[in-house]
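One file, query39.csv, carrying CSV, C-alpha atoms and all ligand atoms:
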chain,number,residue,atom,x,y,z
A,17,MET,CA,25.6,7.1,-2.3
A,18,VAL,CA,26.0,3.9,-0.3
A,19,GLY,CA,28.6,4.2,2.5
A,20,MET,CA,30.6,1.4,4.2
A,21,PRO,CA,28.2,0.9,7.1
A,22,ASP,CA,25.3,0.7,4.6
A,23,LEU,CA,27.2,-1.8,2.5
A,24,LEU,CA,27.8,-4.0,5.6
A,25,ARG,CA,24.2,-3.7,6.6
A,26,ARG,CA,23.1,-4.8,3.1
A,27,GLY,CA,25.6,-7.6,3.0
A,28,TRP,CA,24.6,-8.8,6.5
A,29,SER,CA,20.9,-8.9,5.4
A,30,LEU,CA,21.8,-11.5,2.8
A,31,LEU,CA,22.2,-14.0,5.7
A,32,ARG,CA,18.5,-13.8,6.2
A,33,ALA,CA,17.8,-15.2,2.7
A,34,PRO,CA,17.6,-18.9,3.6
A,35,ALA,CA,15.4,-18.3,6.6
A,36,ASN,CA,13.0,-16.1,4.5
A,37,GLU,CA,12.7,-18.9,1.9
A,38,LEU,CA,12.0,-21.5,4.5
A,39,GLY,CA,9.6,-19.4,6.5
A,40,PHE,CA,7.6,-18.5,3.4
A,41,VAL,CA,7.2,-22.1,2.4
A,42,VAL,CA,6.1,-23.1,5.9
A,43,ARG,CA,3.6,-20.2,6.1
A,44,SER,CA,2.2,-20.8,2.7
A,45,THR,CA,1.8,-24.5,3.4
A,46,LEU,CA,0.1,-24.1,6.8
A,47,ARG,CA,-2.1,-21.1,5.6
A,48,TRP,CA,-2.9,-20.2,9.2
A,49,ARG,CA,-6.3,-18.4,9.7
A,50,ARG,CA,-8.1,-17.8,12.9
A,51,GLY,CA,-11.0,-15.6,11.9
A,52,ALA,CA,-11.5,-11.9,12.3
A,53,PRO,CA,-9.5,-10.3,15.2
A,54,PRO,CA,-11.5,-8.2,17.6
A,55,ARG,CA,-11.5,-4.5,16.6
A,56,ARG,CA,-9.5,-2.5,19.1
A,57,GLY,CA,-10.8,1.1,19.1
A,58,GLY,CA,-11.9,3.2,22.1
A,59,ASP,CA,-8.5,4.7,23.1
A,60,GLY,CA,-9.7,8.2,22.1
A,61,PRO,CA,-7.8,10.5,24.4
A,62,THR,CA,-4.5,8.8,23.5
A,63,LEU,CA,-4.6,9.8,19.9
A,64,PHE,CA,-1.2,11.5,19.1
A,65,ALA,CA,0.1,10.7,22.6
A,66,TRP,CA,3.4,10.1,20.9
A,67,LEU,CA,3.7,13.7,19.7
A,68,PRO,CA,5.2,16.5,21.8
A,69,ALA,CA,2.5,18.4,23.7
A,70,ALA,CA,3.0,21.5,21.7
A,71,ARG,CA,2.1,19.8,18.4
A,72,ARG,CA,-0.9,17.8,19.6
A,73,ASP,CA,-3.5,20.6,19.2
A,74,GLY,CA,-2.6,21.1,15.5
A,75,ALA,CA,-2.6,17.4,14.9
A,76,HIS,CA,-6.1,17.0,16.5
A,77,GLU,CA,-7.4,19.8,14.2
A,78,ARG,CA,-6.1,18.1,11.1
A,79,ALA,CA,-7.5,14.8,12.4
A,80,ALA,CA,-10.9,16.4,13.0
A,81,ALA,CA,-11.0,17.9,9.5
A,82,LEU,CA,-10.0,14.7,7.8
A,83,THR,CA,-12.5,12.7,9.9
A,84,GLN,CA,-15.3,14.9,8.8
A,85,ARG,CA,-14.2,15.1,5.1
A,86,TYR,CA,-13.7,11.3,4.8
A,87,ASP,CA,-16.3,10.0,7.2
A,88,LEU,CA,-13.8,8.3,9.5
A,89,GLY,CA,-15.9,8.1,12.7
A,90,ALA,CA,-16.5,4.4,12.4
A,91,LEU,CA,-12.8,3.7,11.8
A,92,ARG,CA,-11.8,5.7,14.9
A,93,GLU,CA,-14.0,3.4,16.9
A,94,ALA,CA,-12.7,0.3,15.3
A,95,VAL,CA,-8.9,0.6,15.4
A,96,ASP,CA,-6.2,1.7,17.8
A,97,ALA,CA,-4.6,5.2,17.7
A,98,PRO,CA,-1.5,4.4,15.7
A,99,VAL,CA,-3.6,2.6,12.9
A,100,PHE,CA,-6.0,5.5,12.8
A,101,ALA,CA,-3.1,8.0,12.6
A,102,ARG,CA,-1.6,5.9,9.7
A,103,ASN,CA,-4.9,6.2,7.8
A,104,LEU,CA,-4.9,10.0,8.4
A,105,ALA,CA,-1.3,10.1,7.1
A,106,ARG,CA,-2.2,8.2,3.9
A,107,LEU,CA,-5.2,10.4,3.2
A,108,GLU,CA,-3.0,13.5,3.5
A,109,GLY,CA,-0.4,12.0,1.2
A,110,LEU,CA,-3.1,11.0,-1.3
A,111,GLU,CA,-4.6,14.5,-1.2
A,112,ARG,CA,-1.1,16.0,-1.9
A,113,LEU,CA,-0.5,13.6,-4.7
A,114,ILE,CA,-3.9,13.5,-6.5
A,115,GLY,CA,-4.9,17.1,-5.8
A,116,GLY,CA,-8.1,18.0,-7.6
A,117,ARG,CA,-7.5,15.5,-10.5
A,118,ALA,CA,-10.5,13.4,-11.4
A,119,ALA,CA,-9.7,9.6,-11.3
A,120,PRO,CA,-10.4,7.5,-14.4
A,121,LEU,CA,-13.6,5.5,-14.3
A,122,GLY,CA,-14.7,2.3,-16.1
A,123,PRO,CA,-17.4,2.2,-18.8
A,124,ASP,CA,-20.0,1.4,-16.1
A,125,GLY,CA,-19.1,4.6,-14.2
A,126,ALA,CA,-17.4,2.7,-11.3
A,127,LEU,CA,-13.7,2.8,-10.3
A,128,ARG,CA,-12.0,-0.5,-10.1
A,129,ALA,CA,-8.7,-0.6,-8.3
A,130,VAL,CA,-6.1,-3.2,-7.1
A,131,ASP,CA,-3.6,-2.5,-4.3
A,132,VAL,CA,-0.5,-4.6,-5.0
A,133,GLY,CA,1.2,-6.0,-1.9
A,134,CYS,CA,-1.2,-4.6,0.6
A,135,GLY,CA,0.4,-6.3,3.7
A,136,ASP,CA,-2.2,-6.3,6.5
A,137,PHE,CA,-4.1,-3.6,4.6
A,138,HIS,CA,-4.4,-1.5,7.7
A,139,TYR,CA,-4.9,1.5,5.4
A,140,ALA,CA,-7.8,0.0,3.4
A,141,THR,CA,-10.2,2.7,4.7
A,142,ALA,CA,-7.9,5.6,3.7
A,143,LEU,CA,-7.4,4.2,0.3
A,144,GLN,CA,-11.0,3.5,-0.3
A,145,ARG,CA,-11.9,7.1,0.8
A,146,GLY,CA,-9.1,8.7,-1.1
A,147,LEU,CA,-10.2,6.9,-4.3
A,148,SER,CA,-13.8,7.6,-3.7
A,149,ARG,CA,-13.1,11.3,-3.5
A,150,ALA,CA,-11.0,11.3,-6.6
A,151,ALA,CA,-13.8,9.4,-8.4
A,152,GLY,CA,-16.3,12.1,-7.4
A,153,GLY,CA,-18.2,9.7,-5.2
A,154,ALA,CA,-18.6,7.1,-8.0
A,155,ARG,CA,-18.7,3.4,-6.8
A,156,VAL,CA,-15.3,2.1,-5.8
A,157,VAL,CA,-14.4,-1.6,-6.0
A,158,LEU,CA,-11.0,-2.1,-4.3
A,159,ARG,CA,-9.1,-5.3,-4.1
A,160,GLY,CA,-6.0,-5.8,-1.9
A,161,VAL,CA,-3.6,-8.6,-2.9
A,162,GLU,CA,-0.8,-9.8,-0.7
A,163,LEU,CA,1.8,-12.5,-1.5
A,164,ASP,CA,2.7,-13.4,2.1
A,165,GLY,CA,-0.7,-13.5,3.9
A,166,HIS,CA,-0.1,-16.2,6.5
A,167,GLY,CA,2.5,-14.8,8.8
A,168,VAL,CA,1.2,-15.0,12.4
A,169,TYR,CA,0.9,-11.9,14.5
A,170,ARG,CA,1.4,-11.7,18.2
A,171,ASP,CA,-2.3,-12.0,18.8
A,172,GLY,CA,-2.4,-15.4,17.1
A,173,HIS,CA,-4.2,-14.0,14.0
A,174,SER,CA,-2.6,-14.1,10.6
A,175,ARG,CA,-1.8,-11.1,8.4
A,176,ALA,CA,-4.7,-12.3,6.2
A,177,ASP,CA,-7.1,-12.3,9.2
A,178,HIS,CA,-6.2,-8.7,9.9
A,179,ALA,CA,-6.2,-7.7,6.2
A,180,ALA,CA,-9.7,-9.2,5.6
A,181,ALA,CA,-11.0,-7.4,8.7
A,182,HIS,CA,-9.6,-4.0,7.6
A,183,ALA,CA,-11.0,-4.6,4.1
A,184,ALA,CA,-14.4,-5.5,5.5
A,185,GLY,CA,-14.4,-2.4,7.7
A,186,ALA,CA,-13.5,-0.1,4.7
A,187,GLY,CA,-16.5,-0.9,2.6
A,188,ARG,CA,-19.2,1.8,2.6
A,189,GLY,CA,-22.5,2.1,0.8
A,190,GLY,CA,-22.3,0.3,-2.5
A,191,ASP,CA,-18.4,0.3,-2.4
A,192,LEU,CA,-16.7,-3.0,-2.0
A,193,VAL,CA,-13.3,-3.7,-0.5
A,194,THR,CA,-11.8,-7.2,-0.5
A,195,PHE,CA,-8.6,-8.9,0.4
A,196,GLU,CA,-6.9,-12.0,-1.0
A,197,THR,CA,-3.6,-13.7,-0.9
A,198,GLY,CA,-1.8,-14.1,-4.2
A,199,ASP,CA,1.3,-13.3,-6.3
A,200,VAL,CA,0.5,-10.3,-8.5
A,201,ALA,CA,3.5,-11.1,-10.6
A,202,ALA,CA,1.9,-14.4,-11.6
A,203,MET,CA,-1.7,-13.3,-11.8
A,204,ARG,CA,-3.8,-12.2,-14.7
A,205,LEU,CA,-5.8,-9.2,-13.4
A,206,PRO,CA,-8.9,-8.0,-15.1
A,207,GLU,CA,-8.9,-4.5,-16.5
A,208,GLN,CA,-8.4,-1.8,-13.8
A,209,ASP,CA,-8.8,2.0,-13.6
A,210,VAL,CA,-6.3,2.4,-10.9
A,211,VAL,CA,-3.4,0.2,-9.5
A,212,THR,CA,-1.7,1.3,-6.3
A,213,ALA,CA,1.5,0.0,-4.8
A,214,PHE,CA,2.6,1.3,-1.4
A,215,PHE,CA,6.3,0.5,-0.9
A,216,PRO,CA,6.8,-2.3,-3.5
A,217,PHE,CA,10.1,-4.1,-3.1
A,218,LEU,CA,12.5,-2.9,-5.7
A,219,THR,CA,15.7,-4.0,-4.0
A,220,ALA,CA,16.9,-7.2,-2.3
A,221,TYR,CA,17.6,-5.4,0.9
A,222,ALA,CA,14.0,-4.2,1.3
A,223,CYS,CA,12.7,-7.6,0.4
A,224,LEU,CA,14.9,-9.4,2.9
A,225,GLN,CA,14.2,-6.9,5.7
A,226,TRP,CA,10.5,-7.6,5.4
A,227,GLY,CA,11.0,-11.4,5.6
A,228,THR,CA,10.1,-12.0,2.0
A,229,PRO,CA,11.9,-14.7,0.0
A,230,LEU,CA,14.4,-13.3,-2.6
A,231,SER,CA,13.0,-15.8,-5.1
A,232,ARG,CA,9.8,-13.7,-5.2
A,233,LEU,CA,11.6,-10.4,-5.8
A,234,ARG,CA,10.6,-9.6,-9.4
A,235,PRO,CA,10.0,-5.9,-9.6
A,236,ARG,CA,10.2,-5.6,-13.4
A,237,ARG,CA,7.6,-8.3,-13.8
A,238,LEU,CA,5.4,-6.9,-11.0
A,239,LEU,CA,5.3,-3.4,-12.5
A,240,ARG,CA,4.7,-4.9,-15.9
A,241,ARG,CA,1.7,-6.8,-14.6
A,242,ALA,CA,0.4,-3.7,-12.8
A,243,VAL,CA,0.6,-1.5,-16.0
A,244,GLN,CA,-0.8,-4.3,-18.1
A,245,ALA,CA,-3.9,-4.4,-15.9
A,246,LEU,CA,-4.6,-0.7,-16.5
A,247,ARG,CA,-7.0,0.5,-19.2
A,248,PRO,CA,-5.6,3.3,-21.4
A,249,GLY,CA,-5.8,6.4,-19.3
A,250,GLY,CA,-5.7,4.4,-16.0
A,251,TRP,CA,-3.6,5.5,-13.1
A,252,LEU,CA,-0.6,3.8,-11.4
A,253,LEU,CA,0.0,5.2,-8.0
A,254,VAL,CA,3.3,4.2,-6.3
A,255,VAL,CA,4.8,5.2,-3.0
A,256,ASN,CA,8.5,4.6,-2.4
A,257,GLN,CA,10.6,4.7,0.8
A,258,THR,CA,13.3,7.0,-0.5
A,259,VAL,CA,14.2,9.2,-3.4
A,260,ASP,CA,16.8,6.6,-4.6
A,261,GLU,CA,14.1,4.0,-4.7
A,262,HIS,CA,11.8,6.4,-6.6
A,263,ARG,CA,14.6,6.9,-9.2
A,264,ARG,CA,14.9,3.1,-9.5
A,265,LEU,CA,11.1,3.0,-10.1
A,266,CYS,CA,11.4,5.6,-12.8
A,267,ARG,CA,14.1,3.6,-14.5
A,268,LEU,CA,11.9,0.5,-14.5
A,269,LEU,CA,8.9,2.3,-15.7
A,270,ARG,CA,10.8,3.8,-18.6
A,271,GLU,CA,10.3,0.5,-20.4
A,272,LEU,CA,6.5,0.7,-20.0
A,273,PRO,CA,3.8,2.8,-21.6
A,274,VAL,CA,3.2,5.3,-18.7
A,275,GLU,CA,3.9,9.0,-18.2
A,276,ARG,CA,4.4,10.6,-14.8
A,277,LEU,CA,1.7,13.1,-13.9
A,278,ARG,CA,3.0,14.1,-10.5
A,279,ARG,CA,5.5,13.4,-7.8
A,280,CYS,CA,5.5,14.6,-4.2
A,281,ARG,CA,6.7,13.8,-0.7
A,282,PHE,CA,4.5,11.3,1.2
A,283,GLY,CA,6.0,11.2,4.7
A,284,SER,CA,3.9,12.3,7.6
A,285,ASP,CA,4.5,14.0,11.0
A,286,LEU,CA,1.3,12.4,12.4
A,287,VAL,CA,2.4,8.8,12.8
A,288,PRO,CA,4.5,7.3,15.7
A,289,GLU,CA,7.2,6.4,13.1
A,290,ALA,CA,7.3,9.9,11.5
A,291,GLY,CA,11.1,9.9,11.4
A,292,ARG,CA,11.2,6.8,9.2
A,293,THR,CA,8.7,8.2,6.7
A,294,ALA,CA,10.6,11.5,6.1
A,295,GLY,CA,12.1,10.4,2.8
A,296,GLN,CA,9.0,8.8,1.3
A,297,VAL,CA,8.1,9.8,-2.3
A,298,ALA,CA,4.8,9.3,-4.0
A,299,SER,CA,4.2,9.4,-7.8
A,300,LEU,CA,1.2,9.2,-10.0
A,301,TRP,CA,1.5,7.8,-13.5
A,302,ARG,CA,-1.0,7.5,-16.4
A,303,ARG,CA,-1.0,4.7,-18.9
A,304,HIS,CA,-0.8,5.9,-22.5
A,305,ALA,CA,-3.4,5.0,-25.0
A,306,MET,CA,-3.1,1.5,-26.3
A,307,VAL,CA,0.5,0.4,-26.6
A,308,PRO,CA,1.3,-3.3,-26.7
A,309,ILE,CA,3.3,-4.6,-23.7
A,310,GLY,CA,5.7,-7.4,-24.4
A,311,LYS,CA,6.0,-10.6,-22.4
A,312,PRO,CA,7.2,-10.1,-18.9
A,313,THR,CA,10.8,-11.1,-18.3
A,314,GLY,CA,12.5,-11.4,-14.8
B,401,LIG,C1,6.9,-3.1,2.2
B,401,LIG,S1,5.5,-4.1,2.2
B,401,LIG,C2,4.2,-2.9,2.1
B,401,LIG,C3,2.9,-3.4,2.6
B,401,LIG,C4,1.8,-2.4,2.5
B,401,LIG,N1,1.6,-2.0,1.1
B,401,LIG,C5,1.9,-1.2,3.3
B,401,LIG,O1,2.0,0.0,2.8
B,401,LIG,O2,2.0,-1.3,4.6
B,401,LIG,C6,5.5,-4.8,0.6
B,401,LIG,C7,4.5,-5.9,0.5
B,401,LIG,O3,4.4,-6.4,-0.8
B,401,LIG,C8,4.2,-7.8,-0.8
B,401,LIG,N2,4.5,-8.4,-2.1
B,401,LIG,C9,5.8,-8.5,-2.6
B,401,LIG,N3,5.7,-9.1,-3.8
B,401,LIG,C10,4.4,-9.3,-4.1
B,401,LIG,C11,3.7,-9.9,-5.2
B,401,LIG,N4,4.4,-10.4,-6.2
B,401,LIG,N5,2.4,-10.0,-5.1
B,401,LIG,C12,1.7,-9.6,-4.0
B,401,LIG,N6,2.3,-9.0,-3.0
B,401,LIG,C13,3.7,-8.9,-3.0
B,401,LIG,C14,5.1,-8.3,0.3
B,401,LIG,O4,4.8,-9.5,0.8
B,401,LIG,C15,4.8,-7.1,1.4
B,401,LIG,O5,3.8,-7.4,2.2

Show me this structure written as structure tokens.
Amino acid sequence: MVGMPDLLRRGWSLLRAPANELGFVVRSTLRWRRGAPPRRGGDGPTLFAWLPAARRDGAHERAAALTQRYDLGALREAVDAPVFARNLARLEGLERLIGGRAAPLGPDGALRAVDVGCGDFHYATALQRGLSRAAGGARVVLRGVELDGHGVYRDGHSRADHAAAHAAGAGRGGDLVTFETGDVAAMRLPEQDVVTAFFPFLTAYACLQWGTPLSRLRPRRLLRRAVQALRPGGWLLVVNQTVDEHRRLCRLLRELPVERLRRCRFGSDLVPEAGRTAGQVASLWRRHAMVPIGKPTG
């Protein structure tokens, strides 16, 4: 149900539309890059400083177990406490969603995955580790793609600078993690075993709040492209902000050859923004055996 204050908030957000369009054109034209930002770890004792003291010990125990299970020591040294906690949170969410399922692999025994709309890809390590575990340690080739890569952060580096650094830090052994800017709705992706989308925009409100131009809001086309890229049996993994948004996703996916394997909550009490993650819903879908997909429309 959408109440009056909510309606006003949504209506108000429409005023941002022209600024978002203009900002995106400017950013995409300038394509600002400044190279890799310095890695910012080393604030060890402050991990979970945002939690009430009574909950910190439990959080540290969970962090220690995940760090060992997923080999996160290097990540802890490289990033600040909130980013590290967000990686832990995504790993717990992925464990809850995937459980003991074995991920689909390609004919060469490797797992190829694309993360659609990866933002600054601060969770690249968690995603690589989660996929690697589901793939039984098989080689993982993960590619993060982001439409709006050239926004400039407070440190003077662009989102793409940060994303490329997070991707580079996530690679391990023979695994490869890369980042690129691009519009997935307009790309032809090679065949994938897994496509992930964390918080894809399904509504104008979400799109405008993030600063993205409404002209690029094409959820039906984006999902079609994602499913089209999957080989039969491949996985589509989506996380939505709310149950309503998840329902919208289900309606959109009804038109496509996928079946839902599982749905669960994704929010985490480990991150500084825990309250805002409370309604998050994750779902895992499998592409049916060969079914033709029509031409994308809007
Ligand atoms: C809510 S953000 C989520 C970012 C990231 N997945 C995360 O979990 O932090 C959605 C992202 O999708 C990107 N996006 C939207 N449409 C896209 C498209 N067609 N191709 C690639 N990225 C897109 C947006 O620019 C935005 O960064």

- Which chains and residue numbers are within 8 Å of ligand LIG 401 (chain B), counting all atoms listed in the file, if I want them as a PyMOL selection string? chain A and resi 131-139+161-165+197-202+213-217+222-223+226+228+232-235+238

- Query: Got a sec to check which residues sit within 6 Å of (-7.6, 0.4, -7.2), counting all atoms listed in the file, and write them as a list of chain:residue names?
  - Reply: A:Arg128, A:Ala129, A:Val130, A:Asp131, A:Leu158, A:Val210, A:Val211

- Task: In Å, rounded to a single decimal, give me how far atom CA of Thr62 of chain A is from atom CA of Glu77 of chain A.
- Result: 14.7 Å

- Query: Do you know which residues lie at most 12 Å from (1.0, 1.7, -18.8), with coordinates as in the file and only C-alpha atoms counted, and could you write them as a PyMOL selection string?
  - Reply: chain A and resi 207-211+239-253+268-276+300-310

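Here atom CA of Arg237 of chain A is placed at a distance of 19.6 Å from atom CA of Glu37 of chain A.
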
- Task: Work out how far atom CA of Ile114 of chain A is from atom CA of Ala151 of chain A, in Å to one decimal.
- Result: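 Atom CA of Ile114 of chain A lies at a distance of 10.9 Å from atom CA of Ala151 of chain A.
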
- Message: At a cut-off of 10 Å, using only C-alpha atoms, what residues contact Gly39 of chain A? Leave out same-chain residues fewer than 4 positions from it and give the result as a list in words.
- Response: Ala33, Pro34, Ala35, Arg43, Ser44, Thr45, Gly167, Gly227, Thr228 and Pro229 of chain A

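With all atoms listed in the file taken into account, the protein and nucleic acid residues at most 9 Å from Ala65 of chain A (excluding it and anything under 6 positions from it in its own chain) are Arg72, Ala97 and Pro288 of chain A.
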
- Query: If we count only C-alpha atoms, what is near Trp28 of chain A at a cut-off of 12 Å, once residues fewer than 4 positions away on the same chain are taken out, given as a VMD selection string?
  - Reply: chain A and resid 21 to 24 32 to 33 220 to 221 224 to 225

- Query: Hey, what's within 9 Å of Leu63 of chain A if we count all atoms listed in the file and toss same-chain stuff fewer than 5 positions away? As a ChimeraX atom specification, please?
  - Reply: /A:72,76,96-98,100-101

Dump as an mmCIF file, keeping the file's coordinate frame, selection limited to C-alpha atoms:
data_model
loop_
_atom_site.group_PDB
_atom_site.id
_atom_site.type_symbol
_atom_site.label_atom_id
_atom_site.label_comp_id
_atom_site.auth_asym_id
_atom_site.auth_seq_id
_atom_site.Cartn_x
_atom_site.Cartn_y
_atom_site.Cartn_z
ATOM 1 C CA ARG A 72 -0.900 17.800 19.600
ATOM 2 C CA HIS A 76 -6.100 17.000 16.500
ATOM 3 C CA ASP A 96 -6.200 1.700 17.800
ATOM 4 C CA ALA A 97 -4.600 5.200 17.700
ATOM 5 C CA PRO A 98 -1.500 4.400 15.700
ATOM 6 C CA PHE A 100 -6.000 5.500 12.800
ATOM 7 C CA ALA A 101 -3.100 8.000 12.600
#

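Of the listed residues (A:Gln296, A:Leu38, A:Arg50, A:Pro68), A:Arg50 comes nearest to His173 of chain A; the distances count all atoms listed in the file.
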
- Residue nearest Ala126 of chain A among A:Glu196, A:Glu289, A:Glu261, A:Asp191 (counting only C-alpha atoms): A:Asp191

Generate the coordinates of N, CA and C atoms for segment 196-223 of chain A; report them as a CSV table (one decimal), in the coordinates of the input.
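The result, stored in rebuild_19.csv:
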chain,number,residue,atom,x,y,z
A,196,GLU,N,-7.3,-10.6,-0.7
A,196,GLU,CA,-6.9,-12.0,-1.0
A,196,GLU,C,-5.4,-12.2,-1.0
A,197,THR,N,-5.0,-13.4,-0.8
A,197,THR,CA,-3.6,-13.7,-0.9
A,197,THR,C,-3.3,-14.1,-2.3
A,198,GLY,N,-2.2,-13.7,-2.9
A,198,GLY,CA,-1.8,-14.1,-4.2
A,198,GLY,C,-0.5,-13.4,-4.6
A,199,ASP,N,0.1,-13.9,-5.7
A,199,ASP,CA,1.3,-13.3,-6.3
A,199,ASP,C,0.9,-12.5,-7.5
A,200,VAL,N,0.9,-11.2,-7.4
A,200,VAL,CA,0.5,-10.3,-8.5
A,200,VAL,C,1.4,-10.5,-9.7
A,201,ALA,N,2.6,-10.9,-9.5
A,201,ALA,CA,3.5,-11.1,-10.6
A,201,ALA,C,3.1,-12.3,-11.4
A,202,ALA,N,2.3,-13.2,-10.9
A,202,ALA,CA,1.9,-14.4,-11.6
A,202,ALA,C,0.4,-14.4,-11.8
A,203,MET,N,-0.3,-13.3,-11.6
A,203,MET,CA,-1.7,-13.3,-11.8
A,203,MET,C,-2.1,-12.6,-13.0
A,204,ARG,N,-3.3,-12.9,-13.6
A,204,ARG,CA,-3.8,-12.2,-14.7
A,204,ARG,C,-5.0,-11.4,-14.1
A,205,LEU,N,-4.7,-10.1,-14.0
A,205,LEU,CA,-5.8,-9.2,-13.4
A,205,LEU,C,-6.7,-8.7,-14.5
A,206,PRO,N,-8.0,-8.6,-14.1
A,206,PRO,CA,-8.9,-8.0,-15.1
A,206,PRO,C,-8.6,-6.5,-15.2
A,207,GLU,N,-9.2,-5.9,-16.2
A,207,GLU,CA,-8.9,-4.5,-16.5
A,207,GLU,C,-9.2,-3.6,-15.3
A,208,GLN,N,-8.3,-2.7,-14.9
A,208,GLN,CA,-8.4,-1.8,-13.8
A,208,GLN,C,-8.4,-0.3,-14.2
A,209,ASP,N,-9.0,0.5,-13.4
A,209,ASP,CA,-8.8,2.0,-13.6
A,209,ASP,C,-7.7,2.5,-12.8
A,210,VAL,N,-7.4,1.9,-11.7
A,210,VAL,CA,-6.3,2.4,-10.9
A,210,VAL,C,-5.5,1.2,-10.3
A,211,VAL,N,-4.2,1.2,-10.3
A,211,VAL,CA,-3.4,0.2,-9.5
A,211,VAL,C,-2.5,1.0,-8.6
A,212,THR,N,-2.5,0.6,-7.3
A,212,THR,CA,-1.7,1.3,-6.3
A,212,THR,C,-0.7,0.3,-5.8
A,213,ALA,N,0.5,0.8,-5.4
A,213,ALA,CA,1.5,0.0,-4.8
A,213,ALA,C,2.2,0.8,-3.8
A,214,PHE,N,2.0,0.6,-2.5
A,214,PHE,CA,2.6,1.3,-1.4
A,214,PHE,C,3.9,0.5,-1.0
A,215,PHE,N,5.0,1.1,-1.3
A,215,PHE,CA,6.3,0.5,-0.9
A,215,PHE,C,6.6,-0.9,-1.5
A,216,PRO,N,6.4,-1.0,-2.8
A,216,PRO,CA,6.8,-2.3,-3.5
A,216,PRO,C,8.3,-2.5,-3.3
A,217,PHE,N,8.7,-3.8,-3.3
A,217,PHE,CA,10.1,-4.1,-3.1
A,217,PHE,C,10.8,-3.9,-4.5
A,218,LEU,N,11.8,-3.1,-4.5
A,218,LEU,CA,12.5,-2.9,-5.7
A,218,LEU,C,14.0,-3.3,-5.5
A,219,THR,N,14.3,-3.6,-4.2
A,219,THR,CA,15.7,-4.0,-4.0
A,219,THR,C,15.7,-5.3,-3.1
A,220,ALA,N,16.8,-6.0,-3.1
A,220,ALA,CA,16.9,-7.2,-2.3
A,220,ALA,C,16.9,-6.9,-0.9
A,221,TYR,N,17.5,-5.8,-0.5
A,221,TYR,CA,17.6,-5.4,0.9
A,221,TYR,C,16.2,-5.2,1.5
A,222,ALA,N,15.3,-4.4,0.8
A,222,ALA,CA,14.0,-4.2,1.3
A,222,ALA,C,13.2,-5.5,1.4
A,223,CYS,N,13.4,-6.3,0.5
A,223,CYS,CA,12.7,-7.6,0.4
A,223,CYS,C,13.1,-8.5,1.6
